[in-house]
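A quick write-up on the structure given underneath.
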Amino acid sequence: MHFQAYSDVWRHSLCPDQTDFQGREFFTVLPHIPEAFRQIFNQCLNGKSIEDPGKKFIAQDGSIKWYKWRLNPRKDTNGSIVGLIVVLEDITQLQMNQELVLKAERVARIGGWEIDLLTNKIHWTDVTKEIHEVPKDYSPHLQEGINFYKEGIHRDTISKVVDRAISEGTPWDVELIIVTAKGNELWVRAMGDVEMLNGKCIRVFGTFQDIDDKKRTELQLREVSKRLSIATSGSHIGIWEYNIKSKESIWDENMYKLFNVEQGEFDPNDFGLWLSTIHPEDREALLKNYGEALSGKREYRTEFRIVRPDGGISHLGARAVLVRDEFGQPLKMVGTNFDITELKNTRSMLERSEKSFQGAFEKSNTGMALVDIAGQWIRVNQSLCKSLGYTEEELMRLSFQEITYPENLEESLIAFRKVINGETNSYRLEKKYLHKKGHIVHGILTVTAVRDNNDQLEHLIAQVIDITERKNAEVELTRLLHITKQQNDSLLNFAHIVSHNLRSHATNLSMLTGFIKQEKDPKEISEIHHMLSDASESLNETVLHLNEVVQLKVGVSEKMKPVNLYKTLKNVKKNLNTLIQKKNVVLHLQFPENLTVMGIPAYIDSIFLNLISNSIKYSSPDRAPEITISSKASKNRVILSIADNGLGINLDRHGKKIFGMYKTFHRNKDAKGIGLFITKNQIEAMNGTIEVQSTVNEGTTFTLHFEVNQKLQEINV
C-alpha cells in the first residue's frame, strides 16, 4: 500500500502540504483518511471494483469529511493483482454547500420540480410534495400538477405561462393559489424555465415556494394601507408632528381643513395664533394634557372645541405618541386630530332620547320590559309590576316563562325563538299571565327586537297591555247575551202560550158566556156555571205558570250560594217517602256527603223533586222501580246523573220538544207538561245545563251540570 504514482490534481487537492510522496505508505501520507478505507482497499485487493458517489465520515478530531471514490485492482500481464488504482475526491465543501441549500430550501419552503418532455416523466422534490400535502411516494402527472391550482384565474394563469414557455421558451415567475390534497388553500411562488434543443422544448424545470404567510401578510398590509388612506381622506383625520427641540410643527393637508384655514395663510408654528383657535373654556385643560404627555406622565388623548373663522364651533379629538431617542429623551410627538362634531351631536341626541325613553318607560300606563336573548328581564316598569302583583325585585328574579299561563307557553316560546333566530323582528300575541295571587291576567303582548350597528340582536322590548277588565267585561257580556237568548226563548214560549193557551181559554169563556145568555133551563145554566168555574181555574193556573217562568231568572246571581246536594236529596226523599214506599222504589245515592255546588236552594230542591217524582210516576209496571243518583267532577263543574229503569221516552219523536212547555209524552192524567220546562229554566238560571238520554221501556238518565267555584271544588275533592 505504497504510492507508485499520483497525479498533480491528487497532490494539490489531497496532499497540498507535501511535494513528493512516491514510495511512501498511503495512510502515512494521508493520516486524515478514515480507517474505514482499509477494509474498502482489502475488498478491492480481492478483485472487486468499488465505487461510491459520496459518503460522510467523522474524523477523530470531530471534523466531518465527505469523499467520493472509485477503486479498481491493478493487474500485471499474468492477471495477478499487484496493486490498486485509486480515484479519490474530497467533496466535503460541495456536500456542505448542498446541505446548506437543502436546509435553506426546507426553511424557506422552496421545492424543485422537473418535467422531461421526451419521456413525459415528472419529478418533485420532497419539499414540493410537502407543500402540496401529498405522500412522499406520490408520482405526479402534468395535468394533476395543473389541477392543484385553484380553479379560475389561478389555474388559467399557470396553464397559459406553461403553454407559452413550451411553445416560445419564455420563463415565468408567478404568485398563485393552490388547493392542497388536504383541501387547504396556499399562496405559492412558481418559477419555471425551459431547455430547448433545435428550437424544441425538451425539458421544463423550476422552483416552487410556499409564500402563504408572507403573501397573506402582504395582502392584509395592502388592505390596511388602502383603508388607512381612505380613512384619513374620507374621515377628515389630520396628522401632525411636533419637534420638541426645534419647536416646529408640521401639519398635513387634512389638518388645515379641520381648522378651516388656508394652508398658505395659517402658520401652525405660531403658538399664539394656534391657541386663539381653541375655545377659551378648553384651553387650560388642553395645555395641561399636552404638558403631561410631553413629560411622560400620561398618554395624549383628549377632546376639545375650536372656533372656526366663520364663528362656528367644531369638536375635535386628539391622539398622539411620544417618540424618544436612544437615550430615552423625547424627540417629537406624532399625533392625529379628527372631527367628532357629528359624534358629539349624536351623543347629545342619544342622551336626550335615552332620557325621553326612560321617562316614557317608567311613566307609561302600559307594562314595559327590556328582555335579554335568554328570556331574562333586564328592566321592568311599575305598570307591569302592578298588573302582575309583584314588586320590581320579585319580578326581576323570574323569567317570562315562569309567569306565562301554561296553555300559552309553547306559542310564546315559538314566537320568541323566531325573533332570536332572526326570522322576524317583532311579534304580537294575546296571552294570559299568572298573577302573584294565582289568578289570570289577560294581556296583549308586543315584542320588538333591538339591534346594534352590526345588525346583531342586543335585547328585546316587550309591551304588555292589561286587558283583564275588558276580558271580564266580554265574559259578562257573553253571559248576559246568553241570558238574553234564554229570555228570548222564554218570550217565544210566552208568545206560544198567549197565542194558543190563553186564546183557547178566552174562546172557551166567550162561548160559555154566550150559552148563558141563550140558555133558559136552570139546570143547564147551573152546569154552564160549573164549566165557567173550571175554565176560570184553568186560566188562573196558566197565569200562575207564566208568572213562575218570569220569576225564574230575576236576580238569580244575587241568590246563588253553596248548596249541599246530599242534604238536599235527603230532604226530597223525605218529602217523597210515602210515594217511594207505595211504589217500592229502590233509591241509590252514589256521591259524597260533602258534595257542594253553587246554586239557589229552592231551585235545586224543585229540580230533584221534579226529576225523582217523574221517575216514580213513569216507572215500568213490569219491574220494581230503581233510581240511581251518582256524581263526578270536571274542571269547575259537578256533573250529577239521575238514572231510572222506567218507561223511557222516544227521543226520535219527542227529543226536540222534551223540555218544552205543556209537552207530555205518556198518557198520565196528572201530567201537565210544565215540570221539565221549569227544571230546564231553573238549572240554566244557575249557569248550569241539563241533558237527557233515554231508551223506550229501558229507562231515562238526566245529566245535570252544576257550577262550582275553586274553594267549593277543594271541598268536593
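Chain lettering (A, B, ...) mirrors the order of the C-alpha cells, residue numbering begins at 1 for each chain separately, and ligand numbering begins at 1 in order of display.
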
Skipping near chain neighbours, those fewer than 4 positions away, what residues fall within 12 Å of stretch 562-571 of chain A using only C-alpha atoms, listed as a PyMOL selection string? chain A and resi 575-577+587-612+628-631+638-640+642+686+704+706-713+715-716

So which residues touch stretch 50-53 of chain A within 10 Å, counting only C-alpha atoms, skipping near sequence neighbours fewer than 4 positions away, as a compact mmCIF listing (two decimals) with C-alpha atoms, in the first residue's frame?
```
# COMPACT_ATOMS: atom_id res chain seq x y z
CA ILE A 40 -12.51 -1.00 1.30
CA PHE A 41 -8.94 -1.40 -0.04
CA GLN A 43 -12.09 -5.77 -0.76
CA CYS A 44 -10.57 -4.29 -3.92
CA TRP A 66 -17.17 13.75 2.54
CA TYR A 67 -15.32 11.54 -0.01
CA LYS A 68 -16.23 10.22 -3.42
CA TRP A 69 -14.20 7.32 -4.78
CA ARG A 70 -13.68 4.67 -7.44
CA LEU A 71 -11.23 1.74 -6.82
CA ASN A 72 -10.06 -0.89 -9.31
CA PRO A 73 -7.49 -3.67 -8.79
CA VAL A 86 -7.47 4.82 -6.67
CA VAL A 87 -9.56 7.77 -7.81
CA LEU A 88 -10.41 9.80 -4.68
CA GLU A 89 -12.13 13.17 -4.42
CA ILE A 91 -16.29 16.62 -1.83
```

Of the candidates A:Glu407, A:Val261, A:Leu343, A:Gln329, which one gets nearest to A:Ile306 if we count only C-alpha atoms? A:Val261

Where does DSSP see strand (DSSP E or B) in stretch 147-245 of chain A, if you list the residues as a ChimeraX atom specification? /A:149,172-179,185-197,200-210,237-243

Show which residues sit within 12 Å of A:His529, as a list in words. Count only C-alpha atoms, and ignore same-chain residues fewer than 4 positions away. Leu509, Leu512, Thr513, Gly514, Phe515, Ile516, Lys517, Glu519, Pro522, Lys523, Glu524, Ile525, Ser533, Asp534, Ala535 and Ser536 of chain A

A:Asn650 surroundings by only C-alpha atoms, 10 Å radius, close-in-sequence under 6 positions cut, as a ChimeraX atom specification: /A:658,665,693-697

If you run DSSP on the backbone here, which positions in stretch 290-350 of chain A get alpha helix (DSSP H)? Please write them as a count of residues only. 15

With a distance cut-off of 10 Å and only C-alpha atoms, select the neighbouring residues of stretch 365-382 of chain A, excluding the residue or stretch itself and same-chain residues fewer than 6 positions from it, and output the selection as number ranges by chain. A: 358, 388, 390-393, 395-401, 413, 416-417, 419-420, 443, 445-450, 457-466
